[in-house]
$ cat structure.cif   # mmCIF, C-alpha atoms and all ligand atoms
data_protein
#
loop_
_atom_site.label_atom_id
_atom_site.label_comp_id
_atom_site.auth_asym_id
_atom_site.auth_seq_id
_atom_site.Cartn_x
_atom_site.Cartn_y
_atom_site.Cartn_z
CA MET L 1 -19.48 -16.24 -3.13
CA VAL L 2 -18.29 -19.12 -1.00
CA PHE L 3 -14.78 -20.47 -1.05
CA SER L 4 -14.01 -23.89 0.21
CA GLY L 5 -10.76 -25.64 0.80
CA ILE L 6 -8.76 -22.58 1.80
CA THR L 7 -5.55 -24.05 3.09
CA ILE L 8 -4.57 -21.40 5.61
CA PHE L 9 -5.31 -23.70 8.51
CA GLN L 10 -3.27 -26.61 7.32
CA LEU L 11 -0.33 -27.30 9.51
CA CYS L 12 2.96 -27.95 7.82
CA THR L 13 3.83 -31.54 7.31
CA GLY L 14 7.26 -32.68 6.36
CA VAL L 15 10.14 -30.49 5.29
CA CYS L 16 9.13 -27.15 3.87
CA VAL L 17 12.33 -25.82 2.39
CA SER L 18 14.86 -27.14 -0.08
CA ALA L 19 16.81 -30.08 1.22
CA SER L 20 19.92 -28.04 1.88
CA LEU L 21 18.15 -26.30 4.74
CA LEU L 22 16.68 -28.10 7.68
CA LEU L 23 14.27 -26.11 9.33
CA SER L 24 12.04 -24.20 11.34
CA SER L 25 10.98 -22.71 8.02
CA CYS L 26 7.84 -24.71 8.29
CA GLU L 27 6.91 -22.67 11.32
CA GLU L 28 7.83 -19.49 9.51
CA LYS L 29 5.54 -20.37 6.66
CA GLN L 30 2.75 -21.02 9.13
CA ASP L 31 3.51 -17.70 10.88
CA ALA L 32 3.12 -15.87 7.58
CA LEU L 33 -0.20 -17.64 6.94
CA ASP L 34 -1.30 -16.68 10.46
CA ARG L 35 -0.54 -13.05 9.66
CA ILE L 36 -2.68 -13.25 6.56
CA GLN L 37 -5.48 -14.63 8.73
CA LYS L 38 -5.04 -11.76 11.23
CA ALA L 39 -5.26 -9.22 8.43
CA HIS L 40 -8.38 -11.04 7.24
CA GLN L 41 -9.98 -10.82 10.68
CA ILE L 42 -9.39 -7.05 10.71
CA ALA L 43 -10.95 -6.74 7.25
CA ILE L 44 -14.03 -8.69 8.37
CA GLU L 45 -14.26 -6.63 11.55
CA ASN L 46 -14.37 -3.49 9.41
CA CYS L 47 -17.10 -5.06 7.25
CA LYS L 48 -19.64 -4.99 10.05
CA ASP L 49 -19.99 -1.22 9.51
CA ASP L 50 -20.27 -1.61 5.73
CA SER L 51 -23.60 -0.89 4.04
CA ASP L 52 -23.55 -4.45 2.66
CA PRO L 53 -21.64 -6.55 5.20
CA GLN L 54 -22.12 -9.82 3.32
CA ALA L 55 -20.72 -8.42 0.05
CA CYS L 56 -17.88 -6.83 1.98
CA LYS L 57 -17.15 -10.19 3.61
CA ASP L 58 -17.17 -11.94 0.23
CA ARG L 59 -14.69 -9.40 -1.16
CA ALA L 60 -12.44 -9.86 1.88
CA ILE L 61 -12.54 -13.65 1.50
CA GLU L 62 -11.69 -13.31 -2.18
CA ARG L 63 -8.72 -11.06 -1.41
CA THR L 64 -7.52 -13.31 1.41
CA ALA L 65 -7.83 -16.38 -0.79
CA GLN L 66 -5.84 -14.60 -3.49
CA ALA L 67 -3.16 -13.56 -0.99
CA ILE L 68 -2.88 -17.14 0.27
CA ALA L 69 -2.67 -18.55 -3.25
CA GLU L 70 0.01 -16.05 -4.29
CA PHE L 71 1.95 -16.66 -1.10
CA GLN L 72 1.82 -20.44 -1.50
CA LEU L 73 2.97 -20.12 -5.12
CA SER L 74 5.86 -17.80 -4.24
CA TRP L 75 6.88 -20.10 -1.40
CA ALA L 76 6.76 -23.19 -3.62
CA ARG L 77 8.86 -21.50 -6.34
CA THR L 78 11.43 -20.46 -3.74
CA GLU L 79 11.44 -23.92 -2.22
CA ALA L 80 12.29 -25.41 -5.59
CA GLU L 81 15.57 -23.51 -5.63
CA ASP L 82 18.72 -24.26 -3.69
CA HIS L 83 19.52 -21.89 -0.86
CA ARG L 84 22.40 -21.93 1.57
CA SER L 85 20.87 -19.88 4.34
CA LYS L 86 17.54 -18.79 5.66
CA GLN L 87 18.38 -15.22 4.78
CA GLU L 88 19.02 -16.24 1.19
CA PHE L 89 15.73 -18.11 1.15
CA LYS L 90 13.87 -15.05 2.39
CA ARG L 91 15.53 -12.74 -0.09
CA SER L 92 14.53 -15.05 -2.89
CA LEU L 93 10.99 -15.33 -1.52
CA ILE L 94 10.75 -11.54 -1.51
CA GLU L 95 11.93 -11.44 -5.12
CA LYS L 96 9.09 -13.79 -6.05
CA ILE L 97 6.59 -11.66 -4.18
CA MET L 98 7.89 -8.55 -5.95
CA GLU L 99 6.80 -10.16 -9.24
CA ILE L 100 3.14 -10.34 -8.17
CA THR L 101 1.20 -7.99 -10.45
CA ASP L 102 -1.64 -7.04 -8.10
CA PRO L 103 -0.10 -4.15 -6.10
CA VAL L 104 -2.35 -4.57 -3.06
CA ILE L 105 -1.62 -8.28 -2.69
CA ARG L 106 2.07 -7.66 -3.38
CA GLU L 107 2.40 -5.02 -0.66
CA ILE L 108 0.44 -7.05 1.87
CA LEU L 109 2.62 -10.10 1.32
CA LEU L 110 5.83 -8.08 1.43
CA LYS L 111 4.83 -6.64 4.75
CA ILE L 112 3.74 -9.99 6.07
CA VAL L 113 6.94 -11.75 5.06
CA GLN L 114 9.09 -9.01 6.54
CA GLU L 115 7.20 -8.88 9.83
CA GLU L 116 7.37 -12.60 10.02
CA ILE L 117 10.96 -12.27 11.26
CA GLY L 118 10.56 -13.22 14.88
CA PRO L 119 12.08 -11.81 18.06
CA GLN L 120 14.96 -14.29 17.99
CA GLU L 121 16.24 -12.95 14.69
CA MET L 122 15.69 -9.28 15.25
CA SER L 123 17.42 -7.07 17.74
CA LEU L 124 16.59 -3.47 18.38
CA SER L 125 18.28 -0.48 19.92
CA MET L 126 16.72 2.77 21.06
CA LEU L 127 18.55 5.85 22.23
CA GLY L 128 16.59 8.94 23.10
CA GLN L 129 14.82 11.04 25.62
CA ALA L 130 11.37 11.90 26.93
CA THR L 131 10.80 15.16 28.74
CA ILE L 132 7.67 16.30 30.52
CA SER L 133 7.00 20.02 30.44
CA ASP L 134 4.13 22.47 30.69
CA LEU L 135 1.84 22.77 27.72
CA ALA L 136 2.62 25.67 25.47
CA ALA L 137 0.12 28.50 25.73
CA THR L 138 -2.38 28.04 22.95
CA THR L 139 -3.71 30.99 20.99
CA ASP L 140 -5.07 28.97 18.08
CA SER L 141 -8.75 29.84 17.84
CA ALA L 142 -9.43 26.50 16.15
CA TYR L 143 -8.79 24.92 19.53
CA LEU L 144 -9.92 27.67 21.85
CA LEU L 145 -13.23 28.11 20.09
CA GLY L 146 -13.46 24.52 18.95
CA SER L 147 -15.41 21.60 20.26
CA VAL L 148 -14.54 19.91 23.53
CA GLU L 149 -13.16 17.09 21.38
CA ALA L 150 -10.82 19.45 19.53
CA MET L 151 -9.68 20.99 22.80
CA GLU L 152 -9.23 17.55 24.28
CA SER L 153 -7.07 16.41 21.40
CA ALA L 154 -4.93 19.51 21.96
CA GLY L 155 -4.59 18.53 25.61
CA LEU L 156 -6.49 21.58 26.83
CA VAL L 157 -9.30 19.83 28.64
CA HIS L 158 -9.97 16.31 29.74
CA GLY L 159 -12.74 14.22 31.21
CA ASP L 160 -15.67 16.15 32.62
CA GLY L 161 -13.44 18.81 34.13
CA ARG L 162 -14.64 18.00 37.64
CA ASP L 163 -13.98 14.79 39.57
CA GLY L 164 -11.37 13.67 37.10
CA ASP L 165 -9.20 16.61 38.06
CA LEU L 166 -8.53 15.30 41.52
CA ILE L 167 -7.06 12.15 42.96
CA ILE L 168 -6.64 11.15 46.57
CA ASP L 169 -3.12 10.70 47.90
CA PRO L 170 -3.15 7.44 49.91
CA ALA L 171 -0.43 8.85 52.17
CA ASN L 172 -2.48 11.93 52.90
CA PRO L 173 -6.14 11.17 52.23
CA GLY L 174 -7.36 14.49 53.59
CA THR L 175 -5.76 16.46 50.78
CA PRO L 176 -6.70 15.67 47.20
CA ILE L 177 -4.02 16.14 44.57
CA ARG L 178 -4.78 18.31 41.60
CA LEU L 179 -3.95 16.74 38.24
CA ILE L 180 -2.34 18.97 35.68
CA ASN L 181 -2.17 18.41 31.94
CA LYS L 182 1.37 18.45 30.62
CA VAL L 183 3.09 17.39 27.46
CA MET L 184 5.72 14.69 27.11
CA ASN L 185 8.01 15.10 24.13
CA ILE L 186 9.50 11.82 23.02
CA SER L 187 12.31 11.47 20.54
CA THR L 188 14.39 8.37 20.08
CA ASP L 189 16.61 6.91 17.42
CA VAL L 190 15.53 3.40 16.58
CA GLN L 191 17.76 0.83 14.98
CA PHE L 192 16.89 -2.74 14.12
CA GLU L 193 18.33 -5.52 12.07
CA LEU L 194 16.35 -7.01 9.25
CA PHE L 195 17.61 -9.54 6.72
CA GLY L 196 21.12 -8.79 7.94
CA THR L 197 20.68 -5.11 7.12
CA ILE L 198 20.63 -2.40 9.75
CA GLU L 199 17.51 -0.27 9.41
CA THR L 200 17.26 3.02 11.24
CA GLY L 201 14.44 5.40 11.97
CA ILE L 202 13.30 8.03 14.42
CA MET L 203 10.32 7.59 16.65
CA SER L 204 9.06 10.90 17.93
CA GLY L 205 5.95 12.67 19.03
CA GLN L 206 4.03 14.37 21.79
CA VAL L 207 1.96 12.65 24.42
CA ILE L 208 -0.42 14.56 26.69
CA VAL L 209 -0.13 13.32 30.26
CA GLN L 210 -1.67 14.23 33.61
CA VAL L 211 0.63 14.55 36.58
CA GLY L 212 -0.09 15.22 40.23
CA GLU L 213 0.75 18.81 41.14
CA GLY L 214 4.12 19.01 42.87
CA GLN L 215 4.74 15.26 42.84
CA THR L 216 8.16 13.78 42.19
CA GLY L 217 9.71 10.37 42.79
CA MET L 218 7.51 7.28 42.80
CA ARG L 219 4.26 8.11 41.02
CA GLN L 220 1.84 7.19 38.33
CA ILE L 221 1.25 9.43 35.37
CA ARG L 222 -1.92 9.29 33.31
CA VAL L 223 -1.52 9.03 29.59
CA ILE L 224 -4.33 10.96 27.94
CA SER L 225 -3.68 11.32 24.22
CA GLY L 226 -0.96 11.93 21.71
CA THR L 227 0.72 10.79 18.53
CA LEU L 228 3.98 9.04 17.78
CA THR L 229 5.52 8.73 14.35
CA LEU L 230 7.99 6.07 13.30
CA ASP L 231 9.77 7.79 10.44
CA SER L 232 11.41 4.77 8.92
CA ALA L 233 12.85 4.09 5.51
CA TYR L 234 11.92 0.45 6.00
CA SER L 235 11.33 -0.61 2.42
CA GLY L 236 8.23 -2.70 3.10
CA MET L 237 6.44 0.49 4.11
CA GLU L 238 7.32 2.32 0.88
CA ASP L 239 9.13 5.02 2.89
CA SER L 240 5.79 5.96 4.38
CA PRO L 241 6.02 6.73 8.12
CA ILE L 242 3.77 4.90 10.56
CA ASN L 243 1.63 7.25 12.62
CA MET L 244 0.42 5.87 15.92
CA THR L 245 -2.26 7.60 17.99
CA VAL L 246 -2.75 6.96 21.69
CA LYS L 247 -6.19 5.40 22.07
CA LYS L 248 -8.62 7.39 24.15
CA GLY L 249 -9.65 5.32 27.14
CA GLY L 250 -7.12 2.62 26.24
CA ARG L 251 -4.69 0.77 28.45
CA SER L 252 -1.88 3.33 28.25
CA SER L 253 -0.07 4.10 31.48
CA MET L 254 3.17 5.38 32.90
CA VAL L 255 4.60 4.19 36.20
CA VAL L 256 7.71 5.74 37.77
CA ALA L 257 9.38 3.67 40.49
CA ALA L 258 11.25 5.13 43.45
CA ASP L 259 14.60 4.47 41.76
CA GLY L 260 13.52 6.24 38.57
CA HIS L 261 12.89 3.12 36.54
CA THR L 262 9.88 3.88 34.43
CA THR L 263 7.56 1.90 32.24
CA LEU L 264 5.70 3.77 29.55
CA ARG L 265 2.95 1.63 28.08
CA LEU L 266 1.22 2.95 25.01
CA ASP L 267 -1.98 1.45 23.65
CA LEU L 268 -1.89 2.70 20.08
CA ASP L 269 -4.00 2.96 16.98
CA ALA L 270 -1.84 2.59 13.88
CA SER L 271 -4.60 2.09 11.35
CA THR L 272 -4.05 5.17 9.19
CA HIS L 273 -1.16 3.88 7.10
CA PRO L 274 -2.10 2.96 3.52
CA LEU L 275 -0.78 -0.54 4.09
CA SER L 276 -2.46 -0.97 7.45
CA PHE L 277 -4.42 -3.94 6.09
CA GLY L 278 -1.17 -5.85 6.21
CA TYR L 279 -0.06 -5.19 9.75
CA ASP L 280 -1.27 -4.97 13.31
CA GLN L 281 -3.37 -1.84 13.64
CA SER L 282 -3.28 -1.86 17.44
CA PRO L 283 0.30 -2.19 18.62
CA PHE L 284 0.93 -2.11 22.35
CA LEU L 285 4.36 -0.61 23.01
CA GLU L 286 6.17 -0.93 26.30
CA ILE L 287 9.10 1.45 26.45
CA PRO L 288 11.51 1.22 29.39
CA MET L 289 12.98 4.52 30.57
CA ILE L 290 14.92 5.92 33.51
CA GLU L 291 14.15 9.28 35.13
CA THR L 292 17.53 11.01 35.40
CA SER L 293 16.25 14.31 36.77
CA ALA L 294 12.75 15.54 37.50
CA ASP L 295 10.54 14.86 34.48
CA THR L 296 13.47 13.97 32.21
CA PHE L 297 13.67 10.34 31.11
CA GLN L 298 16.42 8.58 29.22
CA ILE L 299 15.52 5.84 26.80
CA ASN L 300 18.53 3.65 26.33
CA VAL L 301 17.87 0.16 25.09
CA ALA L 302 21.01 -1.35 23.63
CA ASP L 303 20.82 -4.30 21.31
CA ALA L 304 17.92 -5.85 23.16
CA PRO L 305 15.72 -8.57 21.75
CA PHE L 306 12.90 -7.02 19.77
CA ASP L 307 10.45 -8.33 22.32
CA TYR L 308 11.85 -5.91 24.89
CA ILE L 309 10.06 -3.12 23.12
CA HIS L 310 7.03 -5.21 23.20
CA VAL L 311 4.66 -5.30 20.31
CA TRP L 312 1.83 -7.63 21.02
CA ASP L 313 0.17 -8.92 17.92
CA PRO L 314 -3.00 -10.66 19.08
CA TRP L 315 -5.58 -12.37 16.92
CA PRO L 316 -8.03 -9.55 16.22
CA VAL L 317 -11.01 -11.83 16.92
CA SER L 318 -9.78 -13.03 20.34
CA ASP L 319 -10.92 -10.04 22.36
CA PHE L 320 -14.30 -10.51 20.79
CA ASN L 321 -16.17 -7.93 22.89
CA LYS L 322 -13.31 -5.40 22.53
CA ASP L 323 -12.99 -4.57 26.21
CA GLY L 324 -9.22 -5.09 26.33
CA LEU L 325 -9.61 -8.23 28.45
CA TYR L 326 -9.18 -11.85 27.45
CA ASN L 327 -11.58 -13.85 29.56
CA PRO L 328 -14.58 -16.22 29.38
CA SER L 329 -16.89 -13.35 28.37
CA ASP L 330 -15.28 -13.38 24.93
CA ILE L 331 -16.01 -17.08 24.52
CA GLY L 332 -19.62 -16.56 25.61
CA ASP L 333 -20.08 -13.58 23.31
CA PHE L 334 -18.45 -15.38 20.38
CA SER L 335 -20.76 -18.38 20.88
CA VAL L 336 -23.84 -16.14 20.84
CA ALA L 337 -22.59 -14.31 17.73
CA LEU L 338 -21.82 -17.62 16.02
CA ALA L 339 -25.39 -18.80 16.62
CA GLU L 340 -26.60 -15.54 15.08
CA GLN L 341 -24.34 -16.10 12.05
CA ASP L 342 -22.37 -12.91 12.72
CA ILE L 343 -19.98 -12.56 9.75
CA ARG L 344 -17.00 -12.15 12.09
CA THR L 345 -17.42 -15.70 13.37
CA ASP L 346 -16.95 -17.64 10.12
CA LEU L 347 -13.27 -18.09 10.88
CA ASN L 348 -12.55 -20.86 8.39
CA MET L 349 -14.18 -18.82 5.63
CA ASP L 350 -16.45 -21.60 4.38
CA GLY L 351 -19.72 -19.65 4.62
CA LEU L 352 -20.99 -21.89 7.43
CA TYR L 353 -21.28 -21.17 11.12
CA THR L 354 -20.30 -24.33 12.92
CA SER L 355 -18.30 -25.85 15.76
CA GLU L 356 -15.25 -25.75 13.49
CA ASP L 357 -15.32 -21.95 13.78
CA LEU L 358 -15.74 -22.21 17.55
CA ASP L 359 -12.76 -24.57 17.79
CA LEU L 360 -10.59 -22.11 15.85
CA PHE L 361 -11.75 -19.29 18.10
CA LEU L 362 -10.93 -21.27 21.25
CA GLY L 363 -7.41 -21.85 19.92
CA TYR L 364 -6.86 -18.17 19.11
CA HIS L 365 -8.33 -17.09 22.42
CA ALA L 366 -6.21 -19.49 24.48
CA GLU L 367 -3.05 -18.26 22.72
CA ASP L 368 -3.82 -14.62 23.42
CA LEU L 369 -5.01 -15.29 26.96
CA ALA L 370 -1.62 -16.81 27.77
CA ARG L 371 0.17 -13.87 26.16
CA TRP L 372 -2.01 -11.34 27.92
CA GLN L 373 -1.43 -12.93 31.33
CA PHE L 374 2.31 -13.05 30.65
CA GLN L 375 2.36 -9.41 29.67
CA SER L 376 0.20 -8.28 32.59
CA SER L 377 2.38 -9.96 35.16
CA ARG L 378 5.77 -9.08 33.77
CA PHE L 379 7.98 -6.12 33.19
CA ILE L 380 11.10 -5.20 34.93
CA ASN L 381 13.03 -2.37 33.39
CA ASP L 382 16.50 -3.81 33.86
CA CA M 401 -12.74 -9.24 25.88
CA CA M 402 -17.22 -21.53 9.05
#
$ encode --input "structure.cif" --output "structure tokens" --more "lines below"
Ligand SMILES: [Ca+2]
Ligand SMILES: [Ca+2]
Amino acid sequence: MVFSGITIFQLCTGVCVSASLLLSSCEEKQDALDRIQKAHQIAIENCKDDSDPQACKDRAIERTAQAIAEFQLSWARTEAEDHRSKQEFKRSLIEKIMEITDPVIREILLKIVQEEIGPQEMSLSMLGQATISDLAATTDSAYLLGSVEAMESAGLVHGDGRDGDLIIDPANPGTPIRLINKVMNISTDVQFELFGTIETGIMSGQVIVQVGEGQTGMRQIRVISGTLTLDSAYSGMEDSPINMTVKKGGRSSMVVAADGHTTLRLDLDASTHPLSFGYDQSPFLEIPMIETSADTFQINVADAPFDYIHVWDPWPVSDFNKDGLYNPSDIGDFSVALAEQDIRTDLNMDGLYTSEDLDLFLGYHAEDLARWQFQSSRFIND
């Protein structure tokens, strides 16, 4: 099945909202359409492992086209009304989306519209603590007699158990430092404003880390594995908590400065939620903390812009070779895949593999490259 004329790529022209509102709403509409496209890219990515990738792709295109059509219709109906504020417009838009009969499309669009609130309109507070302590003694035979993988996920072993256990201290290269597995318990109240309503939740979990034996003060801590749960009553998630797992071999890290200022970066997999189709499955959280005493960290972010707790929402297709880097290799690999008619490369969903798809890719890639460079070079915990 081939769809043509999907309007997701059309830029807004003219005024997008009822005349009583002058607006950036045009951009917001485009942002929502971009989110639908991101969800589509994830769906197509998952299709490459399907037994019938082409049929899977066709189904994804059909669902995306339906989501776009329903969104455009809901937007147009809302536009036809008179609204005094952007908040009122959004509430009305959500009411229209709630009337959509297909539950999957409805939930996707609800999530997309709610996430579409940008950093400028959303502030966030966090108040909590992270404490590093020794791992509890494990007597559970499921782990002790389990596979290396099971033991690893319980934080009992790591790597190959040899070279990875030691690092060299630059200040004292003759004496290697032994790395010890420990557990970091994180618990923080989270509060954010959405549609003028204060939403609250608790983000908590355990992260397995490796620390240098006897080290305090300025140091780096390896982040090995772990799980965080955002237990939020946020209505768009149907009261279902979001579970986030630290990616093995991802970009997670923890750096403690001499003054105790600490950056915890977590490269997470959040794909297990039933509505994960509708949101970023790979959030990258940066949580600022301060070490107040050895291995005890305070998380105290008061009314900061949402971007402070940074969730990067890249185009799934941009890092085409999935190595966590955004560089010319992705463009080269995308070009090769496009020539081979790889289903992931038909970005405008017209069933053809042409320079139009390459142009779209170059745009997505450039956007994420800029964001990636910004993120890599920034971060001060103050
Ligand atoms: Ca890459
Ligand atoms: Ca195409």
$ closest_atom_pairs --input "structure.cif" --of "chain L" --to "ligand CA 402 (chain M)" --cutoff "8 Å" --atoms "all atoms listed in the file" --output "Markdown table"
| residue | atom | partner | partner_atom | distance |
| --- | --- | --- | --- | --- |
| L:Thr345 | CA | M:CA402 | CA | 7.3 |
| L:Asp346 | CA | M:CA402 | CA | 4.0 |
| L:Leu347 | CA | M:CA402 | CA | 5.5 |
| L:Asn348 | CA | M:CA402 | CA | 4.8 |
| L:Met349 | CA | M:CA402 | CA | 5.3 |
| L:Asp350 | CA | M:CA402 | CA | 4.7 |
| L:Gly351 | CA | M:CA402 | CA | 5.4 |
| L:Leu352 | CA | M:CA402 | CA | 4.1 |
| L:Tyr353 | CA | M:CA402 | CA | 4.6 |
| L:Thr354 | CA | M:CA402 | CA | 5.7 |
| L:Glu356 | CA | M:CA402 | CA | 6.4 |
| L:Asp357 | CA | M:CA402 | CA | 5.1 |
$ closest_atom_pairs --input "structure.cif" --of "chain L" --to "ligand CA 401 (chain M)" --cutoff "12 Å" --atoms "all atoms listed in the file" --output "tab-separated table"
residue	atom	partner	partner_atom	distance
L:Pro314	CA	M:CA401	CA	12.0
L:Trp315	CA	M:CA401	CA	11.9
L:Pro316	CA	M:CA401	CA	10.8
L:Val317	CA	M:CA401	CA	9.5
L:Ser318	CA	M:CA401	CA	7.3
L:Asp319	CA	M:CA401	CA	4.0
L:Phe320	CA	M:CA401	CA	5.5
L:Asn321	CA	M:CA401	CA	4.7
L:Lys322	CA	M:CA401	CA	5.1
L:Asp323	CA	M:CA401	CA	4.7
L:Gly324	CA	M:CA401	CA	5.5
L:Leu325	CA	M:CA401	CA	4.2
L:Tyr326	CA	M:CA401	CA	4.7
L:Asn327	CA	M:CA401	CA	6.0
L:Pro328	CA	M:CA401	CA	8.0
L:Ser329	CA	M:CA401	CA	6.3
L:Asp330	CA	M:CA401	CA	4.9
L:Ile331	CA	M:CA401	CA	8.6
L:Gly332	CA	M:CA401	CA	10.0
L:Asp333	CA	M:CA401	CA	8.9
L:Phe334	CA	M:CA401	CA	10.0
L:His365	CA	M:CA401	CA	9.6
L:Asp368	CA	M:CA401	CA	10.7
L:Leu369	CA	M:CA401	CA	9.9
L:Trp372	CA	M:CA401	CA	11.1
$ atom_distance --input "structure.cif" --atom1 "atom CA of Lys86 of chain L" --atom2 "atom CA of Arg35 of chain L"
19.4 Å
$ atom_distance --input "structure.cif" --atom1 "atom CA of Val113 of chain L" --atom2 "atom CA of Ile94 of chain L"
7.6 Å
$ atom_distance --input "structure.cif" --atom1 "atom CA of Gln129 of chain L" --atom2 "atom CA of Asn243 of chain L"
18.9 Å
